[in-house]
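To keep things clear, I will list the structure first and then write my remarks on it.
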Protein chains: 2
Amino acid sequence: MTNLNPGEPASSALLVVGSVALDTVETSRERREEILGGAASFSCCAASFFAPTRLVGVVGSDFPAEHEAFLRSRGIDLGGLERAPGRTFRWSGRYAADWSTRTTLDTQLNVFETFKPKLPAVWAETPFVFLANIDPVLQLDVLTQVKRPRFSACDTMNFWIGGKRADLLRVLERVDMLLLNDEEARQLSGCSSLPAAAKAISALGPKAVVIKRGDAGALLFQGGEVFAAPAFPLDNVVDPTGAGDSFAGGLMGYLAATGDTTSAGLRSALVAGTVLASYSVEDFSLDRFRALDATAIRARVAAFAELVRFTTPKI
Amino acid sequence: MTNLNPGEPASSALLVVGSVALDTVETSRERREEILGGAASFSCCAASFFAPTRLVGVVGSDFPAEHEAFLRSRGIDLGGLERAPGRTFRWSGRYAADWSTRTTLDTQLNVFETFKPKLPAVWAETPFVFLANIDPVLQLDVLTQVKRPRFSACDTMNFWIGGKRADLLRVLERVDMLLLNDEEARQLSGCSSLPAAAKAISALGPKAVVIKRGDAGALLFQGGEVFAAPAFPLDNVVDPTGAGDSFAGGLMGYLAATGDTTSAGLRSALVAGTVLASYSVEDFSLDRFRALDATAIRARVAAFAELVRFTTPKI
């Protein structure tokens, strides 16, 4: 873990609930089978570069010990990772050559079908909480187990917006921030313009709304302000799986590390998330994170600042 | 015209060649017939807020006097606008409700079919030149009529990349900058990643490559540097027609006004272009420009700076 403030108290912990999966990924160049994936894996791993991170999720008896060892090696606390009899959640997808589309080939919920998150009692006081994209009923379940977190955020997807809207709305009433992509924002709000969509979503509860737009970057709407963070233009995208989860994890980990949830703090956290997401896609699975360190993160943060640097036109 | 540097010499002139058209535009809310359009109209009008602007193009005998009067009212020099017997160029298109797609319903070249650009002799020394999206043969024709412009840029489209590639390549050998959208960049270069596409295109001639991505903003590649300018998130898009041309015109007009074609100057110019494009789409045709002034432009430049403002994460 990076110590953000040497000599100061350790940063606050972040709790993440979400999927841990075995992914089979096909790109135009390569196919990889049963590699470590899942929203919680990516989010926790990205967050672990900034803050103590706690994972709540479930794997089956077939989950490889080496994956567990890798997550532990990142300092992630697996005290909330249940090992259930049966097979681990599996996802399989294929990307178009230009990354413009992703086709889901197979989804097997397996042990996730009957998952009931159970937080270790000592985790009830975790100040930062990220509810990755899972059934909103489970997200709500976790929210009731943590006592008044300082800052909570959730992700969601079209499947829940369409199929479990009432449950999702109950989650939204209780979280500080929602992260979702542009299509999901339009679906949830019924508004076609993103500023209008964000405003409508904020009225449902979350003070901050982050709209993720893949290689078009991300937008943060909060208190009437908008912040636009372009994505990092990359020459070497290997596997975009988990980019959004790495973005969210980097963002939430940075928030937990700094404790700064003001508008300025959220903007910086979006940049941290952008940087982690940009690294995530440079290899399959979480492999790019294996070789990543604070120096590399710092270098890309500097490159991001250079990417958006400009002198205000004089008019 | 905005005087950028009161007390200093007048800014350099910008010459624009391209289409002047009568557009019929259908959005999900409204349909407008035979409104003023065309790449040169949008580009010149946007540029006219910054620099003396000269239009080279053609209209038919049916071109309404009020449109000509409006262009003149923006200070645009129409000394290169030919009035030919016949009908003005017409374009007709329809937008999807979420603006994600545009369908061209009709294109009538009319007087544009036999157009041969003829520059007034005194315009041969124009220091800044923008070749808007027209047949590369005509672009080349204009380039041979201006004597060593200080800075030249061109736009193009899929139709010319596919159908007149050899002519387009001859233009590219001679211009300083190419503006095109992401699909066109991929088509021209054969590269799927945008940084790779920009690099390949630069090798064909233009030192600077600007990739326009609509509401995902624009990227400037130059001398190994990248600059990302997000688009302005708008709540009130009325008609996106001409956004890219307004962007290019604002960019080139600002360059002509400042004379600063360094990397820093180009970055500022992209921001100026982004601001003009964001205004352009707030009404049909060039109507938003009718009510625009330096104060409004300055206000949105400030809003853009606020949109991308952040404190570098400390890691």
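Going by the structure tokens order, chains are called A, B, ..., each with residues numbered from 1, while ligands are numbered from 1 in the order shown.
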Pick out the chain A residues within 6 Å of chain B. Count only C-alpha atoms. Give them as a short mmCIF file (atom, residue, chain, number, x, y, z; two decimals) with C-alpha atoms, in the first residue's frame.
data_model
loop_
_atom_site.label_atom_id
_atom_site.label_comp_id
_atom_site.auth_asym_id
_atom_site.auth_seq_id
_atom_site.Cartn_x
_atom_site.Cartn_y
_atom_site.Cartn_z
CA LEU A 4 -0.18 8.88 1.17
CA ASP A 98 -11.76 -1.75 -32.30
CA SER A 192 -31.17 11.94 -23.07
CA SER A 193 -28.76 14.74 -22.11
CA PRO A 195 -26.43 16.89 -17.39
CA ALA A 216 -14.44 9.17 -23.69
CA VAL A 226 -19.38 19.42 -13.48
CA PHE A 227 -15.90 17.97 -13.80
CA ALA A 228 -14.73 16.24 -16.98
CA ASP A 235 -1.75 2.73 -27.71
CA ARG A 267 -12.16 15.73 -8.62
CA SER A 268 -8.71 14.53 -7.56
CA LEU A 307 -2.68 15.69 -21.12
CA VAL A 308 -5.17 18.33 -19.99
CA PHE A 310 -3.63 24.45 -21.36
CA THR A 311 -3.37 28.20 -21.17
CA PRO A 313 -7.49 31.59 -24.31
CA ILE A 315 -10.47 36.83 -25.55
#
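Using only C-alpha atoms, the protein and nucleic acid residues lying no more than 12 Å from Asp167 (chain A), apart from those fewer than 3 places from it along its own chain, are Ile134, Asp135, Pro136, Val137, Leu138, Gln139, Leu140, Asp141, Thr156, Trp160, Ile161, Gly162, Gly163, Lys164, Arg170, Val171, Leu172, Glu173 and Arg174 of chain A.
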Polymer residues at most 9 Å from Phe221 (chain B), only C-alpha atoms, same-chain spacing of 5 or more positions, as a list of chain:residue names:
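Residues meeting the cut-off are B:Pro195, B:Ala198, B:Lys199, B:Ser202, B:Lys207, B:Ala208, B:Val209, B:Val210, B:Ile211, B:Val226, B:Phe227.
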Got time to write the residues from that selection, N, CA, C and O atoms, as a short mmCIF file (atom, residue, chain, number, x, y, z; two decimals), in the first residue's frame?
data_model
loop_
_atom_site.label_atom_id
_atom_site.label_comp_id
_atom_site.auth_asym_id
_atom_site.auth_seq_id
_atom_site.Cartn_x
_atom_site.Cartn_y
_atom_site.Cartn_z
N PRO B 195 -3.98 7.05 -30.77
CA PRO B 195 -2.59 7.52 -30.80
C PRO B 195 -1.80 6.93 -31.98
O PRO B 195 -1.03 7.65 -32.63
N ALA B 198 -2.99 8.68 -35.18
CA ALA B 198 -2.45 10.04 -35.29
C ALA B 198 -0.99 10.00 -35.73
O ALA B 198 -0.55 10.81 -36.55
N LYS B 199 -0.25 9.05 -35.20
CA LYS B 199 1.17 8.93 -35.54
C LYS B 199 1.33 8.58 -37.03
O LYS B 199 2.15 9.18 -37.73
N SER B 202 0.44 11.64 -39.12
CA SER B 202 1.51 12.65 -39.07
C SER B 202 2.63 12.30 -40.04
O SER B 202 3.24 13.18 -40.63
N LYS B 207 1.99 18.03 -39.25
CA LYS B 207 2.69 17.92 -37.96
C LYS B 207 1.71 17.79 -36.81
O LYS B 207 2.01 17.21 -35.79
N ALA B 208 0.52 18.38 -36.99
CA ALA B 208 -0.52 18.30 -35.95
C ALA B 208 -1.74 17.55 -36.48
O ALA B 208 -2.15 17.76 -37.62
N VAL B 209 -2.28 16.68 -35.65
CA VAL B 209 -3.50 15.94 -36.01
C VAL B 209 -4.53 16.16 -34.91
O VAL B 209 -4.24 15.93 -33.73
N VAL B 210 -5.70 16.63 -35.30
CA VAL B 210 -6.78 16.85 -34.33
C VAL B 210 -7.88 15.85 -34.63
O VAL B 210 -8.42 15.82 -35.73
N ILE B 211 -8.18 15.01 -33.64
CA ILE B 211 -9.25 14.03 -33.80
C ILE B 211 -10.49 14.52 -33.06
O ILE B 211 -10.47 14.73 -31.84
N VAL B 226 0.17 14.87 -26.45
CA VAL B 226 -1.27 14.75 -26.63
C VAL B 226 -1.97 15.75 -25.73
O VAL B 226 -1.57 15.92 -24.58
N PHE B 227 -2.99 16.39 -26.25
CA PHE B 227 -3.85 17.27 -25.46
C PHE B 227 -5.29 16.81 -25.63
O PHE B 227 -5.75 16.60 -26.75
#
DSSP on the backbone: which residues in region 155-293 of chain A end up as strand (DSSP E or B)? Give the answer as a PDB file with N, CA, C and O atoms, in the first residue's frame.
ATOM      1  N   ASP A 155     -22.394   1.203  -7.726  1.00  0.00           N
ATOM      2  CA  ASP A 155     -22.412   1.043  -9.176  1.00  0.00           C
ATOM      3  C   ASP A 155     -23.682   0.250  -9.476  1.00  0.00           C
ATOM      4  O   ASP A 155     -24.293  -0.319  -8.582  1.00  0.00           O
ATOM      5  N   MET A 177     -22.930   8.595  -3.552  1.00  0.00           N
ATOM      6  CA  MET A 177     -22.476   8.716  -4.942  1.00  0.00           C
ATOM      7  C   MET A 177     -22.926   7.498  -5.745  1.00  0.00           C
ATOM      8  O   MET A 177     -22.908   6.375  -5.247  1.00  0.00           O
ATOM      9  N   LEU A 178     -23.333   7.751  -6.982  1.00  0.00           N
ATOM     10  CA  LEU A 178     -23.639   6.654  -7.912  1.00  0.00           C
ATOM     11  C   LEU A 178     -22.678   6.746  -9.086  1.00  0.00           C
ATOM     12  O   LEU A 178     -22.460   7.826  -9.640  1.00  0.00           O
ATOM     13  N   LEU A 179     -22.113   5.597  -9.475  1.00  0.00           N
ATOM     14  CA  LEU A 179     -21.303   5.510 -10.693  1.00  0.00           C
ATOM     15  C   LEU A 179     -22.056   4.637 -11.685  1.00  0.00           C
ATOM     16  O   LEU A 179     -22.519   3.553 -11.326  1.00  0.00           O
ATOM     17  N   LEU A 180     -22.175   5.098 -12.912  1.00  0.00           N
ATOM     18  CA  LEU A 180     -22.830   4.294 -13.955  1.00  0.00           C
ATOM     19  C   LEU A 180     -22.392   4.812 -15.322  1.00  0.00           C
ATOM     20  O   LEU A 180     -21.792   5.885 -15.400  1.00  0.00           O
ATOM     21  N   ASN A 181     -22.678   4.032 -16.365  1.00  0.00           N
ATOM     22  CA  ASN A 181     -22.258   4.522 -17.683  1.00  0.00           C
ATOM     23  C   ASN A 181     -23.345   5.395 -18.313  1.00  0.00           C
ATOM     24  O   ASN A 181     -24.423   5.571 -17.737  1.00  0.00           O
ATOM     25  N   ALA A 208     -23.578  13.012  -5.445  1.00  0.00           N
ATOM     26  CA  ALA A 208     -22.616  13.004  -6.560  1.00  0.00           C
ATOM     27  C   ALA A 208     -22.980  11.908  -7.550  1.00  0.00           C
ATOM     28  O   ALA A 208     -23.341  10.796  -7.157  1.00  0.00           O
ATOM     29  N   VAL A 209     -22.900  12.231  -8.832  1.00  0.00           N
ATOM     30  CA  VAL A 209     -23.164  11.248  -9.888  1.00  0.00           C
ATOM     31  C   VAL A 209     -21.957  11.232 -10.822  1.00  0.00           C
ATOM     32  O   VAL A 209     -21.534  12.282 -11.338  1.00  0.00           O
ATOM     33  N   VAL A 210     -21.385  10.046 -11.005  1.00  0.00           N
ATOM     34  CA  VAL A 210     -20.243   9.902 -11.912  1.00  0.00           C
ATOM     35  C   VAL A 210     -20.690   9.092 -13.119  1.00  0.00           C
ATOM     36  O   VAL A 210     -21.147   7.958 -12.976  1.00  0.00           O
ATOM     37  N   ILE A 211     -20.586   9.698 -14.295  1.00  0.00           N
ATOM     38  CA  ILE A 211     -20.957   8.996 -15.522  1.00  0.00           C
ATOM     39  C   ILE A 211     -19.688   8.545 -16.228  1.00  0.00           C
ATOM     40  O   ILE A 211     -18.847   9.353 -16.614  1.00  0.00           O
ATOM     41  N   LYS A 212     -19.580   7.209 -16.359  1.00  0.00           N
ATOM     42  CA  LYS A 212     -18.396   6.603 -16.958  1.00  0.00           C
ATOM     43  C   LYS A 212     -18.645   6.433 -18.445  1.00  0.00           C
ATOM     44  O   LYS A 212     -19.662   5.877 -18.838  1.00  0.00           O
ATOM     45  N   ALA A 218     -14.745  10.391 -18.050  1.00  0.00           N
ATOM     46  CA  ALA A 218     -15.800  10.366 -17.041  1.00  0.00           C
ATOM     47  C   ALA A 218     -16.216  11.780 -16.688  1.00  0.00           C
ATOM     48  O   ALA A 218     -15.442  12.724 -16.823  1.00  0.00           O
ATOM     49  N   LEU A 219     -17.478  11.892 -16.265  1.00  0.00           N
ATOM     50  CA  LEU A 219     -18.017  13.186 -15.842  1.00  0.00           C
ATOM     51  C   LEU A 219     -18.491  13.060 -14.394  1.00  0.00           C
ATOM     52  O   LEU A 219     -19.158  12.087 -14.044  1.00  0.00           O
ATOM     53  N   LEU A 220     -18.156  14.051 -13.587  1.00  0.00           N
ATOM     54  CA  LEU A 220     -18.642  14.099 -12.209  1.00  0.00           C
ATOM     55  C   LEU A 220     -19.604  15.265 -12.069  1.00  0.00           C
ATOM     56  O   LEU A 220     -19.250  16.407 -12.372  1.00  0.00           O
ATOM     57  N   PHE A 221     -20.820  14.972 -11.652  1.00  0.00           N
ATOM     58  CA  PHE A 221     -21.814  16.013 -11.392  1.00  0.00           C
ATOM     59  C   PHE A 221     -22.040  16.067  -9.882  1.00  0.00           C
ATOM     60  O   PHE A 221     -22.329  15.056  -9.264  1.00  0.00           O
ATOM     61  N   GLN A 222     -21.904  17.259  -9.322  1.00  0.00           N
ATOM     62  CA  GLN A 222     -22.058  17.375  -7.867  1.00  0.00           C
ATOM     63  C   GLN A 222     -22.343  18.824  -7.500  1.00  0.00           C
ATOM     64  O   GLN A 222     -21.576  19.711  -7.898  1.00  0.00           O
ATOM     65  N   GLU A 225     -21.987  21.582  -9.958  1.00  0.00           N
ATOM     66  CA  GLU A 225     -20.691  21.621 -10.667  1.00  0.00           C
ATOM     67  C   GLU A 225     -20.546  20.408 -11.587  1.00  0.00           C
ATOM     68  O   GLU A 225     -21.137  19.368 -11.329  1.00  0.00           O
ATOM     69  N   VAL A 226     -19.740  20.564 -12.629  1.00  0.00           N
ATOM     70  CA  VAL A 226     -19.380  19.422 -13.482  1.00  0.00           C
ATOM     71  C   VAL A 226     -17.866  19.371 -13.605  1.00  0.00           C
ATOM     72  O   VAL A 226     -17.222  20.419 -13.770  1.00  0.00           O
ATOM     73  N   PHE A 227     -17.321  18.174 -13.536  1.00  0.00           N
ATOM     74  CA  PHE A 227     -15.897  17.969 -13.797  1.00  0.00           C
ATOM     75  C   PHE A 227     -15.762  16.905 -14.877  1.00  0.00           C
ATOM     76  O   PHE A 227     -16.385  15.853 -14.802  1.00  0.00           O
ATOM     77  N   ALA A 228     -14.953  17.197 -15.894  1.00  0.00           N
ATOM     78  CA  ALA A 228     -14.727  16.237 -16.984  1.00  0.00           C
ATOM     79  C   ALA A 228     -13.296  15.726 -16.921  1.00  0.00           C
ATOM     80  O   ALA A 228     -12.357  16.520 -16.977  1.00  0.00           O
ATOM     81  N   ALA A 229     -13.147  14.422 -16.803  1.00  0.00           N
ATOM     82  CA  ALA A 229     -11.818  13.797 -16.821  1.00  0.00           C
ATOM     83  C   ALA A 229     -11.708  12.942 -18.069  1.00  0.00           C
ATOM     84  O   ALA A 229     -12.349  11.900 -18.157  1.00  0.00           O
TER      85      ALA A 229
END
Could you name the residues that touch region 26-39 of chain A at 7 Å or less, counting only C-alpha atoms, but leaving out those on the same chain fewer than 5 positions away, as a tab-separated table (two decimals) with N, CA and C atoms, in the first residue's frame?
chain	number	residue	atom	x	y	z
A	18	GLY	N	-18.89	-7.09	-3.94
A	18	GLY	CA	-19.11	-7.29	-5.37
A	18	GLY	C	-18.65	-8.67	-5.79
A	19	SER	N	-18.59	-8.86	-7.09
A	19	SER	CA	-18.28	-10.20	-7.60
A	19	SER	C	-16.79	-10.48	-7.67
A	20	VAL	N	-16.47	-11.74	-7.40
A	20	VAL	CA	-15.13	-12.27	-7.67
A	20	VAL	C	-15.40	-13.39	-8.68
A	21	ALA	N	-14.72	-13.33	-9.81
A	21	ALA	CA	-15.13	-14.20	-10.92
A	21	ALA	C	-13.96	-14.87	-11.60
A	67	HIS	N	-5.05	-17.13	-6.88
A	67	HIS	CA	-5.77	-15.86	-7.00
A	67	HIS	C	-5.97	-15.22	-5.63
A	93	GLY	N	-16.79	-13.24	-22.36
A	93	GLY	CA	-17.15	-12.21	-23.33
A	93	GLY	C	-16.12	-12.05	-24.43
A	94	ARG	N	-16.58	-11.37	-25.50
A	94	ARG	CA	-15.73	-11.19	-26.67
A	94	ARG	C	-15.76	-9.72	-27.09
A	95	TYR	N	-14.60	-9.16	-27.39
A	95	TYR	CA	-14.49	-7.76	-27.82
A	95	TYR	C	-14.29	-7.65	-29.32
A	96	ALA	N	-14.91	-6.62	-29.92
A	96	ALA	CA	-14.66	-6.30	-31.33
A	96	ALA	C	-13.22	-5.79	-31.45
A	97	ALA	N	-12.67	-5.87	-32.67
A	97	ALA	CA	-11.27	-5.50	-32.89
A	97	ALA	C	-10.99	-4.04	-32.48
A	132	ALA	N	-20.14	-2.45	-5.38
A	132	ALA	CA	-19.93	-2.67	-6.82
A	132	ALA	C	-21.21	-3.23	-7.42
A	133	ASN	N	-21.18	-3.39	-8.75
A	133	ASN	CA	-22.38	-3.79	-9.48
A	133	ASN	C	-22.84	-5.20	-9.14
A	242	GLY	N	-12.96	-4.77	-16.73
A	242	GLY	CA	-12.63	-4.28	-15.40
A	242	GLY	C	-12.17	-2.83	-15.37
A	245	ASP	N	-14.48	-0.85	-13.15
A	245	ASP	CA	-14.33	-1.26	-11.75
A	245	ASP	C	-13.01	-0.75	-11.18
A	285	SER	N	-6.89	-9.57	-17.24
A	285	SER	CA	-7.19	-9.79	-15.83
A	285	SER	C	-6.62	-8.64	-14.99
A	286	LEU	N	-6.09	-8.93	-13.83
A	286	LEU	CA	-5.50	-7.89	-12.99
A	286	LEU	C	-3.99	-7.86	-13.13
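Contact shell of region 74-90 of chain B at 6 Å (only C-alpha atoms; same-chain neighbours under 5 positions omitted): Ala21, Leu22, Asp23, Thr53, Arg54, Leu55, Val56, Gly57, Val58, Val59, Gly60, Ser61, Asp62, Thr107, Gln108, Leu109, Asn110, Val111 and Leu119 of chain B.
The space between CA of Glu125 (chain A) and CA of Thr262 (chain A) spans 21.2 Å.
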Quote the spacing between CA of Ser73 (chain B) and CA of Val25 (chain B) in Å to one decimal place.
24.1 Å
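Considering the residues A:Met157, A:Leu204, A:Leu251, A:Ala124 and counting only C-alpha atoms, Thr144 (chain A) has its shortest atom-to-atom contact with A:Ala124.
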Nearest to Thr261 (chain B): which of B:Val142, B:Val281, B:Ala153, B:Ala166 is it, counting only C-alpha atoms?
B:Ala153
Please identify the helix (DSSP H, G or I) residues within region 121-188 of chain B (assignment by DSSP from backbone atoms) and present them as a PyMOL selection string.
chain B and resi 121-125+136-145+158-163+165-172+182-188
